[in-house]
Protein chains: 2
Amino acid sequence: MLQVEDRVANRLPQAIQALQRYCRQPGISSQGVGIPETIDLIGQMVIEAGGQVRVLNDLGGNPVIYAEFEPGPEGSADKTLLFYNHYDVQPPEPLEEWNYPPFGAEIHEGKLFARGASDNKADLVARLQAISILQEEGLPCRIKFLIEGEEEIGSPSLPLYLEKYASLFQADACVWEWAQKNAEEKLEMVAGAKGLCYLELTSETADIDIHSAYAPVADNAAWRLTQALATLKTADHRIVVEGFYDEVEHPSESLKDIARNNPYDTAAASSLYGLKGKMIAADAARAALLFEPTMSICGIESGYTGVGVKTVIPRRAKAKLDCRLVPRQDPEDIARKIRRHLDKMGFADIHVELLSASHPFRSDMNHPVIGIVNATAAAVYGEGRYALMPNYPGTGPMHLFARYLGQQLPIVAIGSGWWDDRIHAPNESIRIKDFEEALGYMVRFIREFPRMDQRAES
Amino acid sequence: MLQVEDRVANRLPQAIQALQRYCRQPGISSQGVGIPETIDLIGQMVIEAGGQVRVLNDLGGNPVIYAEFEPGPEGSADKTLLFYNHYDVQPPEPLEEWNYPPFGAEIHEGKLFARGASDNKADLVARLQAISILQEEGLPCRIKFLIEGEEEIGSPSLPLYLEKYASLFQADACVWEWAQKNAEEKLEMVAGAKGLCYLELTSETADIDIHSAYAPVADNAAWRLTQALATLKTADHRIVVEGFYDEVEHPSESLKDIARNNPYDTAAASSLYGLKGKMIAADAARAALLFEPTMSICGIESGYTGVGVKTVIPRRAKAKLDCRLVPRQDPEDIARKIRRHLDKMGFADIHVELLSASHPFRSDMNHPVIGIVNATAAAVYGEGRYALMPNYPGTGPMHLFARYLGQQLPIVAIGSGWWDDRIHAPNESIRIKDFEEALGYMVRFIREFPRMDQRAES
């Protein structure tokens, strides 16, 4: 049999074609676009890799895909590895800012461009292709997949499926959807995620829009909402909602040590994003991304926003507000605190709706699978070319896996992303070379995984 | 010859058809829609009423229409009445909120529905039809029209045309575009208007939209703009820009007397608009509409505003800000004060653009034409069924007429509007009975106008 490197290299053209096929299929959860077609396609992909598929759809929401691969004759029947991926993507808008069609999967200068290419289609394809390669020698353990279709809208149905099908998804460790290399080509992996409290705030001051001459007698929904939002946070980013920081724990010394090695590069990020403001200090940024909650306005709209002048008092204004939460913060508690704050500040008229809620999560950083992730990463990427952090600055439903599959389940995000993949933004892409490396890494990691207990004992 | 009442009644069907024809022709200045076609149509309408047209288009912007009607054999050749109208309308958006097509001019239950029907097409048609009726006996004076096409965007080109063609437009008094009846069917006329300072504020914090997980390291354009706007005004409507109120004069005792008779009805307005907030006291509202400057957000937009959840930090945010000004306030001075305020408050990064500027104006309320307006209104509408106020709470370019045609030129707004005409909003309409009354009033006013000097001497 060929060496791993050669088998991966031989497989690459076929793997890229599989990725293109998958990227050309939109599946947009927030807009309800292309969900059944995406599920059908994934079913074909699993069967082609030698697995079996079960579509779980009895609990509402977008269906959850369960896939299973049997261990080979020499594999460990009592070791189970669970992969988590999501098949939904963010909306592609604004369409006019894309250089290539968002569902065209065109390859230009070593990158494949598509909405969802990096978040999170390349990783699913790399994992299935790695399994396909390992089928030649027989899989070393049982492998399961949970592939959901509501990650980009906060995974509202996932807990129902995890609760009902907890035994189906039982595993010894879970590999999460995605990880990325930074500007210095260092792979950043995480063993946790922040939580999310995503609110829609609405002000409604009249039944009709009003000529702005009547400003002395008519409240203005845009002013109400703007004034209300401005009370939530100071101009220098301190959230002033009473009790917002109450549950936030000071990180332990060992977590602080890991944070100091957080390879996040503020200068590179500033250049990537084209930031116009003052750059945050590097140490502060590294700690904040891991340990501090945030509050962002993701969108706001009211009144006339077309070209030129229209003199009107808007009757309604809406804003979307996104809070990223750290361990022990609870999204529903945060929503209540924001409601109370608005009431106290005189904005009881502002309607607050919780659109999406997700709890924060962190793995035990002393679990043996953490050691396997580090060791196999060192073998593939090289010493110092990777870093495993206690949590991602973003959000995912890791906490639900812990809740329903066992609080001790370690969860580690491994993947093929790169910092300039522009996830959630126009011109999302995946670098072909990252995809190839992730394929090779996944082959090695799966092979090594069943030796977890030896490591734990050593 | 028939009595005025009968001649007006006989003319009505033809006048309504003329209004429908005019309302079916869009002419949207802020979107550049239908301007030449609108001008052609007005040319036909003037010629049909026995006048002559000259389209002034040598100074840029949308052309200004000059129309002239000679006095009859028994008319006063040395008395000139100038009418001001505008042929442009506000954009019809949001289209989905219209019950009838905005350029269909459909008549339902005594109302003609169209964008611009009330603001300000019915008045132009009523004036031309009144002239047409009076042509049977010969016009009592010289009549001129200035019909511009940029009123809804702040009349940027009008001063150029007024300056160059000042002698063409010379007159003894000017009748302004529009007036309206209130909820108690009392006709409200004005002899002045507030000024306008219309700004666009833009915040730009990055070159691309950013995944909101990176909130600790990336400024948010929506937050910047929201925070900046919130510093301009308190939640209870006091504008806190330094110097904003400096030029505002306390009204004289005689103006305060007129304000006490301002028939503005706060309860009716609250019901019309469906206001949700606390109603302002009636006396305060009447005074504020005449004498107080305002600041309105007419629109704001940033980031994702579609359905559901998108977790993104917007790179750009825009707001439209409309300040209505009272006599002695200067729109460019106000724009500078807002710029200085933002700089002082730490928002030097917010870009401020002056999109539209208009000065405030008030006529001398002791001029004899004011007496003729009141007397003929009493004859047509009845004593106590009309009120002539020193200024409108809205804006128009009256100040430009005073500046170029003479500071003593009295300007009085007379017209056929009604308070529930929904000008600038969806479902704008004109009541047919108001249109008919305005036609009759205009016939009487034009007949009486040349006796202005006798009144002045009496």
# chains A, B, ... in the order shown; residues from 1 in each chain; ligands from 1
>>> closest_atom_pairs(of="chain B", to="chain A", cutoff="6 Å", atoms="only C-alpha atoms", output="Markdown table")
| residue | atom | partner | partner_atom | distance |
| --- | --- | --- | --- | --- |
| B:Ser30 | CA | A:Gly308 | CA | 5.4 |
| B:Ile153 | CA | A:Val309 | CA | 5.7 |
| B:Thr205 | CA | A:Lys276 | CA | 5.0 |
| B:Ala206 | CA | A:Leu275 | CA | 4.3 |
| B:Asp207 | CA | A:Gly274 | CA | 4.7 |
| B:Ile208 | CA | A:Tyr273 | CA | 5.7 |
| B:Asp209 | CA | A:Ala425 | CA | 5.9 |
| B:Ala213 | CA | A:Gly394 | CA | 4.3 |
| B:Thr226 | CA | A:Thr226 | CA | 5.4 |
| B:Gln227 | CA | A:Ala230 | CA | 5.2 |
| B:Ala230 | CA | A:Gln227 | CA | 5.2 |
| B:Tyr273 | CA | A:Ile208 | CA | 5.7 |
| B:Gly274 | CA | A:Asp207 | CA | 4.7 |
| B:Leu275 | CA | A:Ala206 | CA | 4.3 |
| B:Lys276 | CA | A:Thr205 | CA | 5.0 |
| B:Cys298 | CA | A:Val312 | CA | 5.2 |
| B:Gly299 | CA | A:Gly303 | CA | 4.2 |
| B:Ile300 | CA | A:Ser302 | CA | 5.2 |
| B:Glu301 | CA | A:Glu301 | CA | 4.5 |
| B:Ser302 | CA | A:Gly299 | CA | 5.2 |
| B:Gly303 | CA | A:Gly299 | CA | 4.1 |
| B:Tyr304 | CA | A:Gly299 | CA | 4.5 |
| B:Thr305 | CA | A:Gly299 | CA | 5.4 |
| B:Gly308 | CA | A:Ser30 | CA | 5.4 |
| B:Val309 | CA | A:Ile153 | CA | 5.6 |
| B:Val312 | CA | A:Cys298 | CA | 5.2 |
| B:Ile313 | CA | A:Cys298 | CA | 5.4 |
| B:Pro393 | CA | A:Ala213 | CA | 5.1 |
| B:Gly394 | CA | A:Ala213 | CA | 4.3 |
| B:Ala425 | CA | A:Asp209 | CA | 5.9 |
>>> closest_residue(among="B:Gly440, B:Pro360, B:Gly51, B:Gly195", to="Gln3 (chain B)", atoms="only C-alpha atoms")
B:Gly440
>>> select_by_dssp(residues="region 73-197 of chain B", states="strand (DSSP E)", output="PyMOL selection string")
chain B and resi 76-86+106-108+111-113+141-148+173-176+180-181+187-190+192-197
>>> atom_distance(atom1="CA of Leu82 (chain B)", atom2="CA of Ile131 (chain B)")
12.7 Å
>>> select_by_dssp(residues="region 118-353 of chain A", states="helix (DSSP H, G or I)", output="number ranges by chain")
A: 118-134, 151-153, 158-164, 212-214, 221-230, 253-260, 266-273, 282-291, 331-344
>>> residues_around(residues="region 416-420 of chain B", least_positions_apart="5", cutoff="8 Å", atoms="only C-alpha atoms", output="PyMOL selection string")
chain B and resi 118-119+122-123+178-183+185+272+430-431+434-435+437-438
>>> residues_around(residues="region 165-174 of chain B", least_positions_apart="5", cutoff="10 Å", atoms="only C-alpha atoms", output="ChimeraX atom specification")
/B:56,66-68,78-84,142-146,159-160,191,367-370,398,401-406,408-413,449-450,452
>>> atom_distance(atom1="CA of Val373 (chain A)", atom2="CA of Arg444 (chain A)")
10.0 Å
>>> residues_around(residues="Gly43 (chain B)", least_positions_apart="5", cutoff="10 Å", atoms="only C-alpha atoms", output="tab-separated table (two decimals) with all heavy atoms, in the first residue's frame")
chain	number	residue	atom	x	y	z
B	38	THR	N	-42.89	65.40	-17.75
B	38	THR	CA	-43.72	66.24	-16.89
B	38	THR	C	-43.73	67.68	-17.42
B	38	THR	O	-44.77	68.34	-17.47
B	38	THR	CB	-43.20	66.19	-15.44
B	38	THR	OG1	-43.21	64.83	-15.00
B	38	THR	CG2	-44.08	67.01	-14.51
B	48	GLU	N	-53.36	75.44	-22.99
B	48	GLU	CA	-54.81	75.21	-22.97
B	48	GLU	C	-55.56	76.26	-22.14
B	48	GLU	O	-56.72	76.54	-22.39
B	48	GLU	CB	-55.11	73.81	-22.43
B	48	GLU	CG	-54.80	72.70	-23.45
B	48	GLU	CD	-54.71	71.30	-22.82
B	48	GLU	OE1	-55.15	71.14	-21.67
B	48	GLU	OE2	-54.20	70.39	-23.49
B	51	GLY	N	-52.27	80.69	-21.81
B	51	GLY	CA	-51.01	81.35	-21.46
B	51	GLY	C	-49.87	80.97	-22.39
B	51	GLY	O	-50.06	80.23	-23.36
B	52	GLN	N	-48.70	81.49	-22.07
B	52	GLN	CA	-47.50	81.19	-22.83
B	52	GLN	C	-46.45	80.59	-21.90
B	52	GLN	O	-46.38	80.96	-20.73
B	52	GLN	CB	-46.95	82.46	-23.47
B	52	GLN	CG	-47.86	82.99	-24.57
B	52	GLN	CD	-47.22	84.17	-25.28
B	52	GLN	OE1	-46.74	85.10	-24.64
B	52	GLN	NE2	-47.19	84.10	-26.61
B	53	VAL	N	-45.63	79.73	-22.45
B	53	VAL	CA	-44.66	79.00	-21.62
B	53	VAL	C	-43.25	79.27	-22.09
B	53	VAL	O	-42.99	79.37	-23.29
B	53	VAL	CB	-44.93	77.48	-21.72
B	53	VAL	CG1	-43.79	76.68	-21.11
B	53	VAL	CG2	-46.23	77.12	-21.06
B	54	ARG	N	-42.35	79.35	-21.13
B	54	ARG	CA	-40.93	79.41	-21.46
B	54	ARG	C	-40.23	78.44	-20.50
B	54	ARG	O	-40.38	78.56	-19.28
B	54	ARG	CB	-40.44	80.84	-21.25
B	54	ARG	CG	-39.06	81.08	-21.78
B	54	ARG	CD	-38.76	82.57	-21.74
B	54	ARG	NE	-37.31	82.75	-21.68
B	54	ARG	CZ	-36.70	83.87	-21.38
B	54	ARG	NH1	-37.41	84.95	-21.10
B	54	ARG	NH2	-35.38	83.94	-21.36
B	55	VAL	N	-39.50	77.47	-21.05
B	55	VAL	CA	-38.78	76.50	-20.20
B	55	VAL	C	-37.36	77.02	-20.01
B	55	VAL	O	-36.61	77.15	-20.98
B	55	VAL	CB	-38.78	75.10	-20.83
B	55	VAL	CG1	-37.95	74.13	-19.98
B	55	VAL	CG2	-40.21	74.57	-20.97
B	65	ILE	N	-40.06	76.16	-15.14
B	65	ILE	CA	-41.07	76.57	-16.12
B	65	ILE	C	-41.56	77.97	-15.76
B	65	ILE	O	-41.97	78.22	-14.62
B	65	ILE	CB	-42.25	75.58	-16.13
B	65	ILE	CG1	-41.77	74.18	-16.49
B	65	ILE	CG2	-43.34	76.06	-17.09
B	65	ILE	CD1	-42.84	73.10	-16.37
B	66	TYR	N	-41.48	78.88	-16.73
B	66	TYR	CA	-42.09	80.21	-16.58
B	66	TYR	C	-43.35	80.23	-17.46
B	66	TYR	O	-43.30	79.86	-18.63
B	66	TYR	CB	-41.13	81.31	-17.03
B	66	TYR	CG	-41.75	82.67	-17.07
B	66	TYR	CD1	-42.05	83.35	-15.89
B	66	TYR	CD2	-42.07	83.29	-18.28
B	66	TYR	CE1	-42.63	84.60	-15.91
B	66	TYR	CE2	-42.65	84.55	-18.31
B	66	TYR	CZ	-42.94	85.19	-17.12
B	66	TYR	OH	-43.54	86.44	-17.15
B	67	ALA	N	-44.47	80.66	-16.87
B	67	ALA	CA	-45.70	80.80	-17.65
B	67	ALA	C	-46.25	82.20	-17.41
B	67	ALA	O	-46.10	82.75	-16.32
B	67	ALA	CB	-46.72	79.74	-17.23
>>> atom_distance(atom1="CA of Pro390 (chain A)", atom2="CA of Arg362 (chain A)")
6.2 Å
>>> decode(residues="region 201-214 of chain A", atoms="all heavy atoms", output="PDB file, in the first residue's frame")
ATOM      1  N   LEU A 201     -34.274  44.179  18.193  1.00  0.00           N
ATOM      2  CA  LEU A 201     -34.911  45.281  18.904  1.00  0.00           C
ATOM      3  C   LEU A 201     -35.756  46.061  17.915  1.00  0.00           C
ATOM      4  O   LEU A 201     -35.278  46.418  16.831  1.00  0.00           O
ATOM      5  CB  LEU A 201     -33.862  46.209  19.525  1.00  0.00           C
ATOM      6  CG  LEU A 201     -33.293  45.811  20.898  1.00  0.00           C
ATOM      7  CD1 LEU A 201     -32.586  44.468  20.826  1.00  0.00           C
ATOM      8  CD2 LEU A 201     -32.365  46.876  21.432  1.00  0.00           C
ATOM      9  N   THR A 202     -37.005  46.343  18.286  1.00  0.00           N
ATOM     10  CA  THR A 202     -37.899  47.060  17.385  1.00  0.00           C
ATOM     11  C   THR A 202     -38.536  48.231  18.115  1.00  0.00           C
ATOM     12  O   THR A 202     -39.011  48.081  19.240  1.00  0.00           O
ATOM     13  CB  THR A 202     -39.019  46.128  16.875  1.00  0.00           C
ATOM     14  OG1 THR A 202     -38.428  44.976  16.317  1.00  0.00           O
ATOM     15  CG2 THR A 202     -39.875  46.823  15.824  1.00  0.00           C
ATOM     16  N   SER A 203     -38.529  49.365  17.456  1.00  0.00           N
ATOM     17  CA  SER A 203     -39.241  50.538  17.954  1.00  0.00           C
ATOM     18  C   SER A 203     -40.356  50.847  16.969  1.00  0.00           C
ATOM     19  O   SER A 203     -40.139  50.842  15.754  1.00  0.00           O
ATOM     20  CB  SER A 203     -38.276  51.723  18.049  1.00  0.00           C
ATOM     21  OG  SER A 203     -39.017  52.908  18.263  1.00  0.00           O
ATOM     22  N   GLU A 204     -41.544  51.106  17.490  1.00  0.00           N
ATOM     23  CA  GLU A 204     -42.661  51.476  16.609  1.00  0.00           C
ATOM     24  C   GLU A 204     -43.368  52.656  17.251  1.00  0.00           C
ATOM     25  O   GLU A 204     -43.900  52.549  18.351  1.00  0.00           O
ATOM     26  CB  GLU A 204     -43.595  50.286  16.429  1.00  0.00           C
ATOM     27  CG  GLU A 204     -44.554  50.490  15.275  1.00  0.00           C
ATOM     28  CD  GLU A 204     -45.308  49.223  14.920  1.00  0.00           C
ATOM     29  OE1 GLU A 204     -44.660  48.199  14.675  1.00  0.00           O
ATOM     30  OE2 GLU A 204     -46.550  49.270  14.903  1.00  0.00           O
ATOM     31  N   THR A 205     -43.338  53.802  16.556  1.00  0.00           N
ATOM     32  CA  THR A 205     -43.843  55.028  17.171  1.00  0.00           C
ATOM     33  C   THR A 205     -45.122  55.535  16.531  1.00  0.00           C
ATOM     34  O   THR A 205     -45.736  56.462  17.056  1.00  0.00           O
ATOM     35  CB  THR A 205     -42.775  56.136  17.085  1.00  0.00           C
ATOM     36  OG1 THR A 205     -42.291  56.192  15.747  1.00  0.00           O
ATOM     37  CG2 THR A 205     -41.616  55.843  18.030  1.00  0.00           C
ATOM     38  N   ALA A 206     -45.508  54.974  15.393  1.00  0.00           N
ATOM     39  CA  ALA A 206     -46.715  55.460  14.705  1.00  0.00           C
ATOM     40  C   ALA A 206     -47.198  54.388  13.744  1.00  0.00           C
ATOM     41  O   ALA A 206     -46.482  53.416  13.467  1.00  0.00           O
ATOM     42  CB  ALA A 206     -46.418  56.756  13.956  1.00  0.00           C
ATOM     43  N   ASP A 207     -48.412  54.579  13.219  1.00  0.00           N
ATOM     44  CA  ASP A 207     -48.944  53.632  12.233  1.00  0.00           C
ATOM     45  C   ASP A 207     -48.488  53.957  10.815  1.00  0.00           C
ATOM     46  O   ASP A 207     -48.539  53.098   9.939  1.00  0.00           O
ATOM     47  CB  ASP A 207     -50.480  53.643  12.261  1.00  0.00           C
ATOM     48  CG  ASP A 207     -51.032  52.978  13.509  1.00  0.00           C
ATOM     49  OD1 ASP A 207     -50.303  52.175  14.121  1.00  0.00           O
ATOM     50  OD2 ASP A 207     -52.186  53.262  13.865  1.00  0.00           O
ATOM     51  N   ILE A 208     -48.127  55.214  10.590  1.00  0.00           N
ATOM     52  CA  ILE A 208     -47.694  55.613   9.241  1.00  0.00           C
ATOM     53  C   ILE A 208     -46.442  56.479   9.351  1.00  0.00           C
ATOM     54  O   ILE A 208     -46.197  57.106  10.384  1.00  0.00           O
ATOM     55  CB  ILE A 208     -48.791  56.398   8.468  1.00  0.00           C
ATOM     56  CG1 ILE A 208     -49.196  57.677   9.216  1.00  0.00           C
ATOM     57  CG2 ILE A 208     -50.026  55.524   8.228  1.00  0.00           C
ATOM     58  CD1 ILE A 208     -50.105  58.598   8.413  1.00  0.00           C
ATOM     59  N   ASP A 209     -45.664  56.493   8.272  1.00  0.00           N
ATOM     60  CA  ASP A 209     -44.564  57.451   8.195  1.00  0.00           C
ATOM     61  C   ASP A 209     -45.159  58.860   8.128  1.00  0.00           C
ATOM     62  O   ASP A 209     -46.236  59.069   7.571  1.00  0.00           O
ATOM     63  CB  ASP A 209     -43.719  57.177   6.944  1.00  0.00           C
ATOM     64  CG  ASP A 209     -42.891  55.907   7.082  1.00  0.00           C
ATOM     65  OD1 ASP A 209     -42.764  55.382   8.202  1.00  0.00           O
ATOM     66  OD2 ASP A 209     -42.376  55.448   6.048  1.00  0.00           O
ATOM     67  N   ILE A 210     -44.424  59.823   8.668  1.00  0.00           N
ATOM     68  CA  ILE A 210     -44.970  61.173   8.838  1.00  0.00           C
ATOM     69  C   ILE A 210     -44.017  62.197   8.234  1.00  0.00           C
ATOM     70  O   ILE A 210     -42.802  62.077   8.373  1.00  0.00           O
ATOM     71  CB  ILE A 210     -45.171  61.461  10.350  1.00  0.00           C
ATOM     72  CG1 ILE A 210     -46.076  60.390  10.980  1.00  0.00           C
ATOM     73  CG2 ILE A 210     -45.741  62.853  10.570  1.00  0.00           C
ATOM     74  CD1 ILE A 210     -46.037  60.386  12.501  1.00  0.00           C
ATOM     75  N   HIS A 211     -44.580  63.208   7.578  1.00  0.00           N
ATOM     76  CA  HIS A 211     -43.786  64.324   7.048  1.00  0.00           C
ATOM     77  C   HIS A 211     -42.950  64.896   8.208  1.00  0.00           C
ATOM     78  O   HIS A 211     -43.481  65.159   9.287  1.00  0.00           O
ATOM     79  CB  HIS A 211     -44.747  65.379   6.517  1.00  0.00           C
ATOM     80  CG  HIS A 211     -44.095  66.451   5.694  1.00  0.00           C
ATOM     81  ND1 HIS A 211     -43.115  67.274   6.189  1.00  0.00           N
ATOM     82  CD2 HIS A 211     -44.281  66.844   4.420  1.00  0.00           C
ATOM     83  CE1 HIS A 211     -42.732  68.129   5.245  1.00  0.00           C
ATOM     84  NE2 HIS A 211     -43.432  67.876   4.150  1.00  0.00           N
ATOM     85  N   SER A 212     -41.664  65.103   7.959  1.00  0.00           N
ATOM     86  CA  SER A 212     -40.789  65.466   9.076  1.00  0.00           C
ATOM     87  C   SER A 212     -41.029  66.881   9.593  1.00  0.00           C
ATOM     88  O   SER A 212     -40.487  67.263  10.631  1.00  0.00           O
ATOM     89  CB  SER A 212     -39.322  65.265   8.702  1.00  0.00           C
ATOM     90  OG  SER A 212     -38.950  66.167   7.697  1.00  0.00           O
ATOM     91  N   ALA A 213     -41.860  67.681   8.902  1.00  0.00           N
ATOM     92  CA  ALA A 213     -42.259  68.980   9.455  1.00  0.00           C
ATOM     93  C   ALA A 213     -42.941  68.807  10.810  1.00  0.00           C
ATOM     94  O   ALA A 213     -42.910  69.700  11.649  1.00  0.00           O
ATOM     95  CB  ALA A 213     -43.219  69.686   8.487  1.00  0.00           C
ATOM     96  N   TYR A 214     -43.552  67.642  11.020  1.00  0.00           N
ATOM     97  CA  TYR A 214     -44.304  67.408  12.246  1.00  0.00           C
ATOM     98  C   TYR A 214     -43.459  66.800  13.367  1.00  0.00           C
ATOM     99  O   TYR A 214     -43.979  66.261  14.332  1.00  0.00           O
ATOM    100  CB  TYR A 214     -45.569  66.582  11.934  1.00  0.00           C
ATOM    101  CG  TYR A 214     -46.469  67.374  11.012  1.00  0.00           C
ATOM    102  CD1 TYR A 214     -46.481  67.140   9.642  1.00  0.00           C
ATOM    103  CD2 TYR A 214     -47.214  68.435  11.504  1.00  0.00           C
ATOM    104  CE1 TYR A 214     -47.250  67.926   8.789  1.00  0.00           C
ATOM    105  CE2 TYR A 214     -47.979  69.226  10.665  1.00  0.00           C
ATOM    106  CZ  TYR A 214     -47.998  68.977   9.298  1.00  0.00           C
ATOM    107  OH  TYR A 214     -48.745  69.766   8.471  1.00  0.00           O
TER     108      TYR A 214
END
